[in-house]
$ cat my_file-v6.tsv   # TSV, C-alpha atoms
chain	number	residue	atom	x	y	z
A	1	MET	CA	-2.29	2.77	5.75
A	2	ASP	CA	0.77	3.22	3.56
A	3	LEU	CA	2.93	5.72	5.38
A	4	LYS	CA	5.70	5.51	2.80
A	5	SER	CA	3.70	7.12	0.05
A	6	LYS	CA	1.21	9.28	1.95
A	7	ARG	CA	1.70	11.99	4.52
A	8	VAL	CA	-1.97	12.88	4.91
A	9	VAL	CA	-3.83	9.85	6.20
A	10	ALA	CA	-7.28	8.89	7.45
A	11	GLY	CA	-7.52	6.52	10.38
A	12	GLU	CA	-5.22	5.90	13.32
A	13	LEU	CA	-1.57	6.87	12.91
A	14	ASP	CA	0.85	3.96	13.14
A	15	TYR	CA	3.61	6.04	14.69
A	16	THR	CA	5.68	3.14	15.96
A	17	SER	CA	6.16	2.08	12.33
A	18	LEU	CA	7.05	5.67	11.49
A	19	LEU	CA	9.80	5.64	14.12
A	20	ARG	CA	11.14	2.33	12.78
A	21	GLU	CA	11.31	3.90	9.31
A	22	VAL	CA	13.78	6.57	10.41
A	23	GLN	CA	16.06	4.33	12.45
A	24	SER	CA	19.33	3.14	10.96
A	25	PRO	CA	22.83	2.18	12.14
A	26	ALA	CA	23.99	5.71	11.23
A	27	CYS	CA	21.75	7.12	13.98
A	28	GLY	CA	22.52	7.51	17.64
A	29	ALA	CA	19.14	9.11	18.24
A	30	GLY	CA	15.58	8.29	17.25
A	31	LEU	CA	12.94	10.81	18.24
A	32	LEU	CA	9.17	10.44	17.98
A	33	PHE	CA	6.78	13.29	18.66
A	34	ILE	CA	3.01	12.89	18.55
A	35	GLY	CA	0.43	15.63	18.87
A	36	THR	CA	-2.70	14.27	20.56
A	37	ALA	CA	-6.28	15.45	21.02
A	38	ARG	CA	-6.49	17.25	24.37
A	39	GLN	CA	-9.59	17.31	26.55
A	40	PHE	CA	-9.34	20.86	27.93
A	41	THR	CA	-8.24	24.09	26.20
A	42	ALA	CA	-8.26	27.22	28.37
A	43	GLY	CA	-10.82	25.60	30.64
A	44	ARG	CA	-13.17	24.61	27.82
A	45	GLU	CA	-13.90	20.91	27.32
A	46	THR	CA	-13.39	19.23	23.96
A	47	GLN	CA	-15.35	16.13	23.01
A	48	ARG	CA	-13.37	15.29	19.89
A	49	LEU	CA	-11.39	16.95	17.09
A	50	GLU	CA	-11.88	16.84	13.36
A	51	TYR	CA	-9.24	17.69	10.76
A	52	GLU	CA	-9.58	18.63	7.12
A	53	ALA	CA	-6.73	19.13	4.64
A	54	TYR	CA	-6.14	20.48	1.18
A	55	VAL	CA	-4.56	17.11	0.54
A	56	GLU	CA	-2.68	17.79	-2.71
A	57	LEU	CA	-0.86	20.83	-1.30
A	58	ALA	CA	-0.50	19.42	2.24
A	59	GLU	CA	1.34	16.36	0.85
A	60	ILE	CA	3.79	18.68	-0.92
A	61	GLU	CA	4.27	20.95	2.11
A	62	LEU	CA	4.82	18.02	4.50
A	63	GLU	CA	7.41	16.52	2.17
A	64	ASN	CA	9.11	19.92	1.82
A	65	LEU	CA	9.25	20.22	5.61
A	66	GLU	CA	10.89	16.79	5.94
A	67	ARG	CA	13.50	17.73	3.35
A	68	SER	CA	14.12	21.20	4.84
A	69	ALA	CA	14.57	19.72	8.33
A	70	ILE	CA	17.10	17.16	7.06
A	71	GLU	CA	19.13	19.89	5.32
A	72	ARG	CA	18.82	22.53	8.04
A	73	PHE	CA	19.70	20.31	11.02
A	74	GLY	CA	21.85	17.68	9.30
A	75	LEU	CA	19.45	14.84	10.15
A	76	GLU	CA	19.76	11.32	8.80
A	77	SER	CA	16.01	11.06	8.21
A	78	CYS	CA	12.70	12.73	8.94
A	79	ARG	CA	9.07	11.61	8.51
A	80	LEU	CA	6.00	13.72	9.11
A	81	VAL	CA	2.37	12.60	8.78
A	82	HIS	CA	-0.93	14.26	9.62
A	83	ARG	CA	-4.27	12.60	10.19
A	84	VAL	CA	-7.57	13.84	8.76
A	85	GLY	CA	-11.13	13.08	9.86
A	86	VAL	CA	-12.34	12.62	13.42
A	87	VAL	CA	-9.69	12.25	16.12
A	88	GLU	CA	-10.91	11.12	19.53
A	89	LEU	CA	-9.39	12.40	22.80
A	90	GLY	CA	-5.93	10.98	23.42
A	91	GLU	CA	-5.45	9.85	19.84
A	92	ALA	CA	-2.63	11.22	17.68
A	93	SER	CA	-3.42	13.81	15.03
A	94	VAL	CA	0.16	14.31	13.90
A	95	ALA	CA	3.36	12.28	14.13
A	96	LEU	CA	6.97	13.34	13.56
A	97	ALA	CA	9.86	10.85	13.54
A	98	ILE	CA	13.49	11.91	13.31
A	99	GLY	CA	16.67	9.89	12.99
A	100	SER	CA	19.95	11.69	13.70
A	101	ARG	CA	23.54	11.02	14.70
A	102	HIS	CA	23.15	12.85	18.03
A	103	ARG	CA	20.14	13.85	20.12
A	104	ALA	CA	20.62	17.62	20.14
A	105	GLU	CA	19.78	18.19	16.48
A	106	ALA	CA	16.76	15.89	16.73
A	107	PHE	CA	15.23	17.85	19.61
A	108	GLU	CA	15.97	21.16	17.91
A	109	ALA	CA	14.55	20.00	14.60
A	110	ALA	CA	11.35	18.67	16.20
A	111	VAL	CA	10.50	22.09	17.67
A	112	TRP	CA	11.21	23.80	14.33
A	113	VAL	CA	9.21	21.30	12.25
A	114	MET	CA	6.12	21.51	14.44
A	115	ASP	CA	6.20	25.33	14.47
A	116	GLU	CA	6.51	25.37	10.68
A	117	LEU	CA	3.72	22.82	10.28
A	118	LYS	CA	1.35	24.91	12.37
A	119	HIS	CA	1.93	27.94	10.15
A	120	LYS	CA	2.36	26.50	6.66
A	121	VAL	CA	0.65	23.19	6.06
A	122	PRO	CA	-2.95	23.52	4.77
A	123	VAL	CA	-4.68	21.48	7.48
A	124	TRP	CA	-7.54	22.77	9.63
A	125	LYS	CA	-8.81	21.70	13.03
A	126	ARG	CA	-12.45	21.77	14.05
A	127	GLU	CA	-13.17	21.67	17.76
A	128	HIS	CA	-16.22	19.67	18.72
A	129	TRP	CA	-16.86	21.11	22.18
A	130	ALA	CA	-18.48	19.10	24.96
A	131	ASP	CA	-21.41	21.56	24.98
A	132	GLY	CA	-22.36	20.33	21.49
A	133	SER	CA	-21.05	23.31	19.48
A	134	CYS	CA	-18.44	23.07	16.71
A	135	GLU	CA	-15.84	25.61	15.64
A	136	TRP	CA	-13.20	25.71	12.91
A	137	GLN	CA	-9.91	27.06	14.22
A	138	HIS	CA	-8.34	29.84	12.14
A	139	PRO	CA	-5.61	31.49	14.22
A	140	ILE	CA	-4.32	34.69	12.65
A	141	PRO	CA	-0.88	34.03	11.14
A	142	SER	CA	1.07	35.81	13.90
A	143	ASP	CA	-0.46	33.53	16.57
A	144	LYS	CA	1.69	30.79	18.08
A	145	THR	CA	-0.91	28.19	18.90
B	1	MET	CA	-14.49	33.37	-18.08
B	2	ILE	CA	-15.46	30.83	-15.46
B	3	VAL	CA	-13.10	29.87	-12.64
B	4	ASN	CA	-13.53	27.01	-10.17
B	5	VAL	CA	-13.17	28.11	-6.55
B	6	VAL	CA	-12.54	25.59	-3.76
B	7	PHE	CA	-13.24	26.34	-0.09
B	8	PHE	CA	-12.07	24.67	3.11
B	9	ALA	CA	-13.01	24.76	6.79
B	10	LYS	CA	-14.87	27.92	7.88
B	11	ALA	CA	-14.76	29.36	4.36
B	12	LYS	CA	-16.67	26.28	3.19
B	13	GLU	CA	-19.11	26.73	6.08
B	14	ILE	CA	-19.78	30.37	5.15
B	15	VAL	CA	-20.23	29.65	1.44
B	16	GLY	CA	-22.27	26.53	2.18
B	17	LYS	CA	-20.47	24.29	-0.30
B	18	PRO	CA	-16.94	23.01	-0.99
B	19	LYS	CA	-16.64	24.42	-4.50
B	20	MET	CA	-18.38	26.74	-6.92
B	21	GLU	CA	-18.00	28.25	-10.35
B	22	VAL	CA	-17.54	32.02	-10.48
B	23	ALA	CA	-18.01	34.12	-13.65
B	24	LEU	CA	-15.43	36.90	-14.08
B	25	ASP	CA	-14.27	39.31	-16.79
B	26	ASP	CA	-11.65	37.81	-19.09
B	27	GLU	CA	-8.89	40.08	-17.69
B	28	ALA	CA	-9.71	39.33	-14.05
B	29	ASN	CA	-7.10	38.58	-11.38
B	30	ILE	CA	-7.23	37.19	-7.82
B	31	GLY	CA	-8.13	40.62	-6.43
B	32	ASP	CA	-11.19	40.76	-8.69
B	33	LEU	CA	-12.22	37.28	-7.64
B	34	LYS	CA	-11.95	38.25	-3.95
B	35	GLN	CA	-14.14	41.29	-4.58
B	36	THR	CA	-16.77	39.15	-6.29
B	37	LEU	CA	-16.74	36.63	-3.44
B	38	VAL	CA	-17.17	39.36	-0.82
B	39	GLU	CA	-20.09	40.86	-2.78
B	40	THR	CA	-21.75	37.43	-2.89
B	41	PHE	CA	-20.82	36.34	0.65
B	42	PRO	CA	-20.24	39.45	2.84
B	43	ALA	CA	-19.58	37.21	5.88
B	44	ILE	CA	-16.42	35.85	4.25
B	45	TYR	CA	-14.64	39.24	4.27
B	46	ASP	CA	-12.55	38.88	7.45
B	47	LEU	CA	-11.57	35.28	6.77
B	48	LEU	CA	-10.78	35.97	3.11
B	49	SER	CA	-8.56	38.91	4.09
B	50	ALA	CA	-6.49	36.55	6.26
B	51	SER	CA	-6.46	33.70	3.71
B	52	MET	CA	-3.80	32.55	1.28
B	53	ILE	CA	-4.86	31.82	-2.28
B	54	SER	CA	-3.50	29.00	-4.38
B	55	VAL	CA	-3.69	28.78	-8.16
B	56	ASP	CA	-2.58	25.54	-9.77
B	57	ARG	CA	-1.19	24.39	-6.39
B	58	GLN	CA	1.05	27.43	-6.01
B	59	TYR	CA	0.52	30.37	-3.70
B	60	ALA	CA	-0.67	33.42	-5.60
B	61	SER	CA	-1.06	37.15	-4.92
B	62	ASP	CA	-3.89	39.58	-5.66
B	63	ASP	CA	-2.35	40.58	-9.01
B	64	THR	CA	-2.07	36.99	-10.27
B	65	ASN	CA	-4.06	36.72	-13.49
B	66	LEU	CA	-6.69	34.03	-13.92
B	67	TYR	CA	-7.80	32.09	-16.96
B	68	HIS	CA	-10.87	30.16	-17.96
B	69	GLY	CA	-11.29	26.86	-16.12
B	70	VAL	CA	-8.49	27.46	-13.57
B	71	GLU	CA	-8.86	26.06	-10.05
B	72	VAL	CA	-8.46	28.63	-7.29
B	73	VAL	CA	-8.25	27.39	-3.70
B	74	ILE	CA	-9.06	29.60	-0.72
B	75	ILE	CA	-6.73	28.65	2.15
B	76	PRO	CA	-7.85	30.16	5.48
B	77	PRO	CA	-5.28	30.46	8.31
B	78	VAL	CA	-4.17	26.91	9.03
B	79	SER	CA	-4.52	25.04	12.34
B	80	GLY	CA	-2.93	21.64	11.94
B	81	GLY	CA	-0.96	19.85	14.62
$ encode --input "my_file-v6.tsv" --output "structure tokens"
Amino acid sequence: MDLKSKRVVAGELDYTSLLREVQSPACGAGLLFIGTARQFTAGRETQRLEYEAYVELAEIELENLERSAIERFGLESCRLVHRVGVVELGEASVALAIGSRHRAEAFEAAVWVMDELKHKVPVWKREHWADGSCEWQHPIPSDKT
Amino acid sequence: MIVNVVFFAKAKEIVGKPKMEVALDDEANIGDLKQTLVETFPAIYDLLSASMISVDRQYASDDTNLYHGVEVVIIPPVSGG
């Protein structure tokens, strides 16, 4: 997996390497957020998740989000990767690493980046429920999911 | 003209394939393409209404004109994260 050139990746996310990428002596804060596959959603049991992406556009949108976050919050660095394919329970589907001079802007930026990602980046989640059924998730744009 | 339409997620499930060629009048725009898709796949109406459309990797509107051979991607509401 070459995280430096690709932001949409198949296979397990190496998020510890991602965090190392954003750390530098200019930073007083290094923040790593991972989104992981959860077993229960509103009482319904998930067996595993599956993600699909419009890779060409998702790569562009993820890079744009990194750049926008750096400018908007004055970060030193920002890296954002999303996994595609099957993601088992507990595994990471998305990883965000931020390097900043102080912690406040890193925490603030992380919330903003993840909200933007969930509304803008062309990636789709398919729930494989424990009862054997499957369902693509298409929240209407005003939803905050 | 012929345009190449690409589908993802539930849109792909409804259409039954990831891409297809669609024949349109030479002056057709995105709105015309949507109408043709709904006539062919009535079940796609709700999802298509909520979808973004990309032409040449840029988001497009209903009045965006199409040309022969262009790739049009149907982008249903996203759910990454």
$ residues_around --input "my_file-v6.tsv" --residues "Ala50 in chain B" --least-positions-apart "6" --cutoff "9 Å" --atoms "all atoms listed in the file" --output "ChimeraX atom specification"
/A:140-141 /B:75-77
$ axis_aligned_box --input "my_file-v6.tsv" --around "range 21-32 of chain A" --padding-each-side "6 Å" --output "AutoDock Vina command-line options"
--center_x 16.6 --center_y 6.5 --center_z 13.8 --size_x 26.8 --size_y 20.6 --size_z 20.9
$ interface_residues --input "my_file-v6.tsv" --of "chain B" --to "chain A" --cutoff "9 Å" --atoms "all atoms listed in the file" --output "list of chain:residue names"
B:Phe8, B:Ala9, B:Lys10, B:Leu47, B:Ala50, B:Arg57, B:Gln58, B:Val73, B:Ile75, B:Pro76, B:Pro77, B:Val78, B:Ser79, B:Gly80, B:Gly81
$ closest_residue --input "my_file-v6.tsv" --among "A:Glu76, A:Glu71, A:Glu63, A:Glu127" --to "Leu89 in chain A" --atoms "all atoms listed in the file"
A:Glu127
$ residues_around --input "my_file-v6.tsv" --residues "Leu37 in chain B" --least-positions-apart "5" --cutoff "10 Å" --atoms "only C-alpha atoms" --output "short mmCIF file (atom, residue, chain, number, x, y, z; two decimals) with C-alpha atoms, in the coordinates of the input"
data_model
loop_
_atom_site.label_atom_id
_atom_site.label_comp_id
_atom_site.auth_asym_id
_atom_site.auth_seq_id
_atom_site.Cartn_x
_atom_site.Cartn_y
_atom_site.Cartn_z
CA VAL B 5 -13.17 28.11 -6.55
CA VAL B 15 -20.23 29.65 1.44
CA VAL B 22 -17.54 32.02 -10.48
CA GLY B 31 -8.13 40.62 -6.43
CA ASP B 32 -11.19 40.76 -8.69
CA PRO B 42 -20.24 39.45 2.84
CA ALA B 43 -19.58 37.21 5.88
CA ILE B 44 -16.42 35.85 4.25
CA TYR B 45 -14.64 39.24 4.27
CA LEU B 48 -10.78 35.97 3.11
#
$ residues_around --input "my_file-v6.tsv" --residues "Asp26 in chain B" --least-positions-apart "2" --cutoff "10 Å" --atoms "all atoms listed in the file" --output "list of chain:residue names"
B:Met1, B:Ile2, B:Ala23, B:Leu24, B:Ala28, B:Asn29, B:Asn65, B:Leu66, B:Tyr67, B:His68
$ atom_distance --input "my_file-v6.tsv" --atom1 "CA of Trp129 in chain A" --atom2 "CA of Thr16 in chain A"
29.5 Å
$ atom_distance --input "my_file-v6.tsv" --atom1 "CA of Glu21 in chain B" --atom2 "CA of Leu33 in chain B"
11.1 Å
$ residues_around --input "my_file-v6.tsv" --residues "Tyr59 in chain B" --least-positions-apart "3" --cutoff "12 Å" --atoms "all atoms listed in the file" --output "PyMOL selection string"
(chain A and resi 57+61+120+122) or (chain B and resi 30+51-56+62-64+72-75)
$ atom_distance --input "my_file-v6.tsv" --atom1 "CA of Val6 in chain B" --atom2 "CA of Val87 in chain A"
24.1 Å
$ residues_around --input "my_file-v6.tsv" --residues "Gly99 in chain A" --least-positions-apart "3" --cutoff "7 Å" --atoms "only C-alpha atoms" --output "PDB file with C-alpha atoms, in the coordinates of the input"
ATOM      1  CA  VAL A  22      13.780   6.570  10.410  1.00  0.00           C
ATOM      2  CA  GLN A  23      16.060   4.330  12.450  1.00  0.00           C
ATOM      3  CA  CYS A  27      21.750   7.120  13.980  1.00  0.00           C
ATOM      4  CA  ALA A  29      19.140   9.110  18.240  1.00  0.00           C
ATOM      5  CA  GLY A  30      15.580   8.290  17.250  1.00  0.00           C
ATOM      6  CA  LEU A  31      12.940  10.810  18.240  1.00  0.00           C
ATOM      7  CA  LEU A  75      19.450  14.840  10.150  1.00  0.00           C
ATOM      8  CA  GLU A  76      19.760  11.320   8.800  1.00  0.00           C
ATOM      9  CA  SER A  77      16.010  11.060   8.210  1.00  0.00           C
ATOM     10  CA  CYS A  78      12.700  12.730   8.940  1.00  0.00           C
TER      11      CYS A  78
END
$ build_atoms --input "my_file-v6.tsv" --residues "range 66-77 of chain B" --atoms "all heavy atoms" --output "PDB file, keeping the file's coordinate frame"
ATOM      1  N   LEU B  66      -5.956  35.300 -13.846  1.00  0.00           N
ATOM      2  CA  LEU B  66      -6.690  34.030 -13.920  1.00  0.00           C
ATOM      3  C   LEU B  66      -7.012  33.719 -15.369  1.00  0.00           C
ATOM      4  O   LEU B  66      -6.919  34.581 -16.234  1.00  0.00           O
ATOM      5  CB  LEU B  66      -7.965  34.138 -13.088  1.00  0.00           C
ATOM      6  CG  LEU B  66      -7.727  34.418 -11.593  1.00  0.00           C
ATOM      7  CD1 LEU B  66      -9.040  34.700 -10.884  1.00  0.00           C
ATOM      8  CD2 LEU B  66      -7.009  33.239 -10.941  1.00  0.00           C
ATOM      9  N   TYR B  67      -7.382  32.473 -15.615  1.00  0.00           N
ATOM     10  CA  TYR B  67      -7.800  32.090 -16.960  1.00  0.00           C
ATOM     11  C   TYR B  67      -8.979  31.128 -16.865  1.00  0.00           C
ATOM     12  O   TYR B  67      -9.233  30.547 -15.798  1.00  0.00           O
ATOM     13  CB  TYR B  67      -6.633  31.465 -17.736  1.00  0.00           C
ATOM     14  CG  TYR B  67      -5.995  30.275 -17.059  1.00  0.00           C
ATOM     15  CD1 TYR B  67      -6.456  28.978 -17.279  1.00  0.00           C
ATOM     16  CD2 TYR B  67      -4.921  30.455 -16.177  1.00  0.00           C
ATOM     17  CE1 TYR B  67      -5.874  27.890 -16.656  1.00  0.00           C
ATOM     18  CE2 TYR B  67      -4.334  29.363 -15.547  1.00  0.00           C
ATOM     19  CZ  TYR B  67      -4.808  28.093 -15.795  1.00  0.00           C
ATOM     20  OH  TYR B  67      -4.233  27.025 -15.161  1.00  0.00           O
ATOM     21  N   HIS B  68      -9.661  30.971 -17.953  1.00  0.00           N
ATOM     22  CA  HIS B  68     -10.870  30.160 -17.960  1.00  0.00           C
ATOM     23  C   HIS B  68     -10.587  28.732 -17.493  1.00  0.00           C
ATOM     24  O   HIS B  68      -9.641  28.094 -17.954  1.00  0.00           O
ATOM     25  CB  HIS B  68     -11.467  30.128 -19.378  1.00  0.00           C
ATOM     26  CG  HIS B  68     -12.735  29.323 -19.460  1.00  0.00           C
ATOM     27  ND1 HIS B  68     -13.940  29.784 -18.977  1.00  0.00           N
ATOM     28  CD2 HIS B  68     -12.969  28.075 -19.941  1.00  0.00           C
ATOM     29  CE1 HIS B  68     -14.872  28.865 -19.164  1.00  0.00           C
ATOM     30  NE2 HIS B  68     -14.312  27.820 -19.749  1.00  0.00           N
ATOM     31  N   GLY B  69     -11.401  28.255 -16.556  1.00  0.00           N
ATOM     32  CA  GLY B  69     -11.290  26.860 -16.120  1.00  0.00           C
ATOM     33  C   GLY B  69     -10.281  26.617 -15.010  1.00  0.00           C
ATOM     34  O   GLY B  69     -10.169  25.490 -14.514  1.00  0.00           O
ATOM     35  N   VAL B  70      -9.533  27.662 -14.591  1.00  0.00           N
ATOM     36  CA  VAL B  70      -8.490  27.460 -13.570  1.00  0.00           C
ATOM     37  C   VAL B  70      -9.135  27.132 -12.217  1.00  0.00           C
ATOM     38  O   VAL B  70     -10.254  27.566 -11.925  1.00  0.00           O
ATOM     39  CB  VAL B  70      -7.581  28.702 -13.462  1.00  0.00           C
ATOM     40  CG1 VAL B  70      -8.326  29.875 -12.826  1.00  0.00           C
ATOM     41  CG2 VAL B  70      -6.319  28.384 -12.683  1.00  0.00           C
ATOM     42  N   GLU B  71      -8.398  26.362 -11.401  1.00  0.00           N
ATOM     43  CA  GLU B  71      -8.860  26.060 -10.050  1.00  0.00           C
ATOM     44  C   GLU B  71      -8.164  26.990  -9.067  1.00  0.00           C
ATOM     45  O   GLU B  71      -6.934  27.063  -9.024  1.00  0.00           O
ATOM     46  CB  GLU B  71      -8.557  24.605  -9.681  1.00  0.00           C
ATOM     47  CG  GLU B  71      -9.097  24.239  -8.297  1.00  0.00           C
ATOM     48  CD  GLU B  71      -8.877  22.775  -7.942  1.00  0.00           C
ATOM     49  OE1 GLU B  71      -7.791  22.430  -7.446  1.00  0.00           O
ATOM     50  OE2 GLU B  71      -9.797  21.974  -8.177  1.00  0.00           O
ATOM     51  N   VAL B  72      -8.973  27.703  -8.298  1.00  0.00           N
ATOM     52  CA  VAL B  72      -8.460  28.630  -7.290  1.00  0.00           C
ATOM     53  C   VAL B  72      -8.888  28.104  -5.924  1.00  0.00           C
ATOM     54  O   VAL B  72     -10.070  27.838  -5.703  1.00  0.00           O
ATOM     55  CB  VAL B  72      -9.037  30.045  -7.496  1.00  0.00           C
ATOM     56  CG1 VAL B  72      -8.487  31.009  -6.446  1.00  0.00           C
ATOM     57  CG2 VAL B  72      -8.727  30.551  -8.904  1.00  0.00           C
ATOM     58  N   VAL B  73      -7.925  27.936  -5.014  1.00  0.00           N
ATOM     59  CA  VAL B  73      -8.250  27.390  -3.700  1.00  0.00           C
ATOM     60  C   VAL B  73      -8.068  28.462  -2.629  1.00  0.00           C
ATOM     61  O   VAL B  73      -7.016  29.101  -2.552  1.00  0.00           O
ATOM     62  CB  VAL B  73      -7.364  26.164  -3.371  1.00  0.00           C
ATOM     63  CG1 VAL B  73      -7.760  25.573  -2.022  1.00  0.00           C
ATOM     64  CG2 VAL B  73      -7.494  25.106  -4.469  1.00  0.00           C
ATOM     65  N   ILE B  74      -9.113  28.646  -1.827  1.00  0.00           N
ATOM     66  CA  ILE B  74      -9.060  29.600  -0.720  1.00  0.00           C
ATOM     67  C   ILE B  74      -8.509  28.846   0.501  1.00  0.00           C
ATOM     68  O   ILE B  74      -9.094  27.838   0.919  1.00  0.00           O
ATOM     69  CB  ILE B  74     -10.459  30.161  -0.390  1.00  0.00           C
ATOM     70  CG1 ILE B  74     -11.165  30.661  -1.665  1.00  0.00           C
ATOM     71  CG2 ILE B  74     -10.371  31.242   0.689  1.00  0.00           C
ATOM     72  CD1 ILE B  74     -10.460  31.760  -2.401  1.00  0.00           C
ATOM     73  N   ILE B  75      -7.400  29.336   1.050  1.00  0.00           N
ATOM     74  CA  ILE B  75      -6.730  28.650   2.150  1.00  0.00           C
ATOM     75  C   ILE B  75      -6.765  29.537   3.396  1.00  0.00           C
ATOM     76  O   ILE B  75      -5.900  30.392   3.594  1.00  0.00           O
ATOM     77  CB  ILE B  75      -5.276  28.300   1.771  1.00  0.00           C
ATOM     78  CG1 ILE B  75      -5.298  27.412   0.510  1.00  0.00           C
ATOM     79  CG2 ILE B  75      -4.559  27.595   2.916  1.00  0.00           C
ATOM     80  CD1 ILE B  75      -3.924  27.087  -0.032  1.00  0.00           C
ATOM     81  N   PRO B  76      -7.768  29.348   4.259  1.00  0.00           N
ATOM     82  CA  PRO B  76      -7.850  30.160   5.480  1.00  0.00           C
ATOM     83  C   PRO B  76      -6.648  29.847   6.386  1.00  0.00           C
ATOM     84  O   PRO B  76      -5.974  28.835   6.193  1.00  0.00           O
ATOM     85  CB  PRO B  76      -9.147  29.685   6.140  1.00  0.00           C
ATOM     86  CG  PRO B  76      -9.876  28.888   5.124  1.00  0.00           C
ATOM     87  CD  PRO B  76      -8.836  28.339   4.198  1.00  0.00           C
ATOM     88  N   PRO B  77      -6.388  30.722   7.379  1.00  0.00           N
ATOM     89  CA  PRO B  77      -5.280  30.460   8.310  1.00  0.00           C
ATOM     90  C   PRO B  77      -5.338  29.019   8.821  1.00  0.00           C
ATOM     91  O   PRO B  77      -6.395  28.541   9.226  1.00  0.00           O
ATOM     92  CB  PRO B  77      -5.524  31.472   9.437  1.00  0.00           C
ATOM     93  CG  PRO B  77      -6.199  32.611   8.748  1.00  0.00           C
ATOM     94  CD  PRO B  77      -7.085  31.989   7.700  1.00  0.00           C
TER      95      PRO B  77
END
